[in-house]
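One structure below.
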Amino acid sequence: MTAFIERWIEPAVHLARRGEPWAQALALLAARLYLLDVFFKSGLTKLQDWDSTLFLFAEEYHVPVLPPELAAWMGTGGELVFSVLLAVGLFSRPAALGVFFLNAVAAYSYPDISAAGLKDHVLWGVLSFALVLFGPGRLALDAWVMPRWLPSLRER
């Protein structure tokens, strides 16, 4: 275990402490792509068998306030749209906030969630909230587009 830490963990900690912009950009890109993998696949699964999706939202998932069919449409659409926006890094903070809330509602509305499932939801919540706080990084369309749309965001 010590050899693993010396070989992989310590160099990563040194890069983070030095504030290497490319290391941060790669870590944020990895978080965005990981969330894409989880949420986009989930949305596609729901689309592949829409009748089952509607059944699950009516019988298994207890989304507060919303009727089951509307919850199914909003959840599926959110998973697909927010995850793609995150992956390309466009409107990243709002997309990450959307993923955060989708994740929170999913964890809350499924009463039989296992301990392992809850750990996954916590990880996804932490990653999406970190993207809300820190943004998508330099390897995102936001880094190029937003300063052109909002000149006050240009680096000085």
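In the structure tokens, the first chain shown is A, the next is B, and so on; residue numbers restart at 1 for each chain, and ligands run from 1 in the order shown.
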DSSP-assigned alpha helix (DSSP H) members of segment 78-124 of chain A, reported as a PyMOL selection string
chain A and resi 78-88+92-109+115-124
8 Å contact set for segment 97-107 of chain A, only C-alpha atoms, chain neighbours under 6 positions out, as a short mmCIF file (atom, residue, chain, number, x, y, z; two decimals) with C-alpha atoms, in the first residue's frame:
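The resulting file, result07.cif, is shown below:
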data_model
loop_
_atom_site.label_atom_id
_atom_site.label_comp_id
_atom_site.auth_asym_id
_atom_site.auth_seq_id
_atom_site.Cartn_x
_atom_site.Cartn_y
_atom_site.Cartn_z
CA TYR A 61 -40.31 6.12 -6.94
CA VAL A 63 -41.21 11.90 -6.19
CA GLY A 75 -36.15 13.28 -14.62
CA GLY A 78 -32.81 16.33 -17.00
CA GLU A 79 -30.51 13.32 -16.95
CA PHE A 82 -27.80 18.23 -17.96
CA SER A 83 -25.24 15.45 -18.40
CA ILE A 113 -32.08 2.38 -1.54
CA LEU A 118 -26.63 5.70 -1.11
CA HIS A 121 -25.60 9.13 -4.66
CA TRP A 124 -22.50 12.06 -7.42
CA GLY A 125 -23.81 14.80 -5.15
CA SER A 128 -21.88 17.87 -8.95
CA PHE A 129 -21.77 20.35 -6.06
CA VAL A 132 -21.29 24.20 -9.02
#
Let me make sure I understand: among A:Leu133, A:Leu123, A:Leu80, A:Met74, which one has the smallest atom-to-atom distance to Thr45 of chain A if we use only C-alpha atoms?
A:Leu80
If we count only C-alpha atoms, what is near Leu86 of chain A at a cut-off of 9 Å, once residues fewer than 3 positions away on the same chain are taken out, given as a VMD selection string?
chain A and resid 29 32 to 33 35 to 36 81 to 83 89 to 93 95 to 96 136 140
Just write the chosen residues, N, CA and C atoms, as a PDB file, in the first residue's frame.
ATOM      1  N   LEU A  29     -12.588  17.891 -15.649  1.00  0.00           N
ATOM      2  CA  LEU A  29     -13.076  17.196 -16.833  1.00  0.00           C
ATOM      3  C   LEU A  29     -13.440  15.751 -16.487  1.00  0.00           C
ATOM      4  N   ARG A  32     -16.754  15.734 -14.759  1.00  0.00           N
ATOM      5  CA  ARG A  32     -17.848  15.997 -15.700  1.00  0.00           C
ATOM      6  C   ARG A  32     -18.145  14.765 -16.547  1.00  0.00           C
ATOM      7  N   LEU A  33     -17.105  14.085 -17.024  1.00  0.00           N
ATOM      8  CA  LEU A  33     -17.304  12.902 -17.860  1.00  0.00           C
ATOM      9  C   LEU A  33     -17.853  11.716 -17.058  1.00  0.00           C
ATOM     10  N   LEU A  35     -19.896  12.009 -14.464  1.00  0.00           N
ATOM     11  CA  LEU A  35     -21.314  12.301 -14.279  1.00  0.00           C
ATOM     12  C   LEU A  35     -22.092  12.086 -15.581  1.00  0.00           C
ATOM     13  N   LEU A  36     -21.479  12.394 -16.728  1.00  0.00           N
ATOM     14  CA  LEU A  36     -22.104  12.101 -18.017  1.00  0.00           C
ATOM     15  C   LEU A  36     -22.387  10.605 -18.121  1.00  0.00           C
ATOM     16  N   VAL A  81     -30.130  15.946 -20.756  1.00  0.00           N
ATOM     17  CA  VAL A  81     -29.690  17.302 -21.124  1.00  0.00           C
ATOM     18  C   VAL A  81     -28.589  17.813 -20.198  1.00  0.00           C
ATOM     19  N   PHE A  82     -28.799  17.714 -18.898  1.00  0.00           N
ATOM     20  CA  PHE A  82     -27.795  18.234 -17.960  1.00  0.00           C
ATOM     21  C   PHE A  82     -26.458  17.514 -18.106  1.00  0.00           C
ATOM     22  N   SER A  83     -26.499  16.200 -18.297  1.00  0.00           N
ATOM     23  CA  SER A  83     -25.242  15.454 -18.400  1.00  0.00           C
ATOM     24  C   SER A  83     -24.464  15.828 -19.665  1.00  0.00           C
ATOM     25  N   GLY A  89     -19.177  21.097 -21.177  1.00  0.00           N
ATOM     26  CA  GLY A  89     -18.783  22.264 -20.391  1.00  0.00           C
ATOM     27  C   GLY A  89     -19.517  23.525 -20.799  1.00  0.00           C
ATOM     28  N   LEU A  90     -20.779  23.417 -21.142  1.00  0.00           N
ATOM     29  CA  LEU A  90     -21.575  24.579 -21.534  1.00  0.00           C
ATOM     30  C   LEU A  90     -22.694  24.767 -20.515  1.00  0.00           C
ATOM     31  N   PHE A  91     -22.814  25.992 -20.000  1.00  0.00           N
ATOM     32  CA  PHE A  91     -23.761  26.273 -18.901  1.00  0.00           C
ATOM     33  C   PHE A  91     -23.530  25.279 -17.772  1.00  0.00           C
ATOM     34  N   SER A  92     -22.274  25.090 -17.458  1.00  0.00           N
ATOM     35  CA  SER A  92     -21.858  24.016 -16.559  1.00  0.00           C
ATOM     36  C   SER A  92     -22.388  24.151 -15.146  1.00  0.00           C
ATOM     37  N   ARG A  93     -22.338  25.341 -14.591  1.00  0.00           N
ATOM     38  CA  ARG A  93     -22.810  25.476 -13.211  1.00  0.00           C
ATOM     39  C   ARG A  93     -24.306  25.216 -13.102  1.00  0.00           C
ATOM     40  N   ALA A  95     -26.080  23.367 -15.094  1.00  0.00           N
ATOM     41  CA  ALA A  95     -26.239  21.938 -15.380  1.00  0.00           C
ATOM     42  C   ALA A  95     -25.827  21.100 -14.171  1.00  0.00           C
ATOM     43  N   ALA A  96     -24.742  21.464 -13.521  1.00  0.00           N
ATOM     44  CA  ALA A  96     -24.294  20.731 -12.329  1.00  0.00           C
ATOM     45  C   ALA A  96     -25.304  20.872 -11.195  1.00  0.00           C
ATOM     46  N   PRO A 136     -16.406  24.429 -14.388  1.00  0.00           N
ATOM     47  CA  PRO A 136     -16.010  23.263 -15.170  1.00  0.00           C
ATOM     48  C   PRO A 136     -14.523  23.169 -15.479  1.00  0.00           C
ATOM     49  N   ALA A 140     -13.408  23.384 -20.976  1.00  0.00           N
ATOM     50  CA  ALA A 140     -14.854  23.451 -21.121  1.00  0.00           C
ATOM     51  C   ALA A 140     -15.201  24.591 -22.068  1.00  0.00           C
TER      52      ALA A 140
END
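Across A:Gln24, A:Lys46, A:Leu85, A:Ser109, the tightest approach to Leu139 of chain A is made by A:Gln24 when counting only C-alpha atoms.
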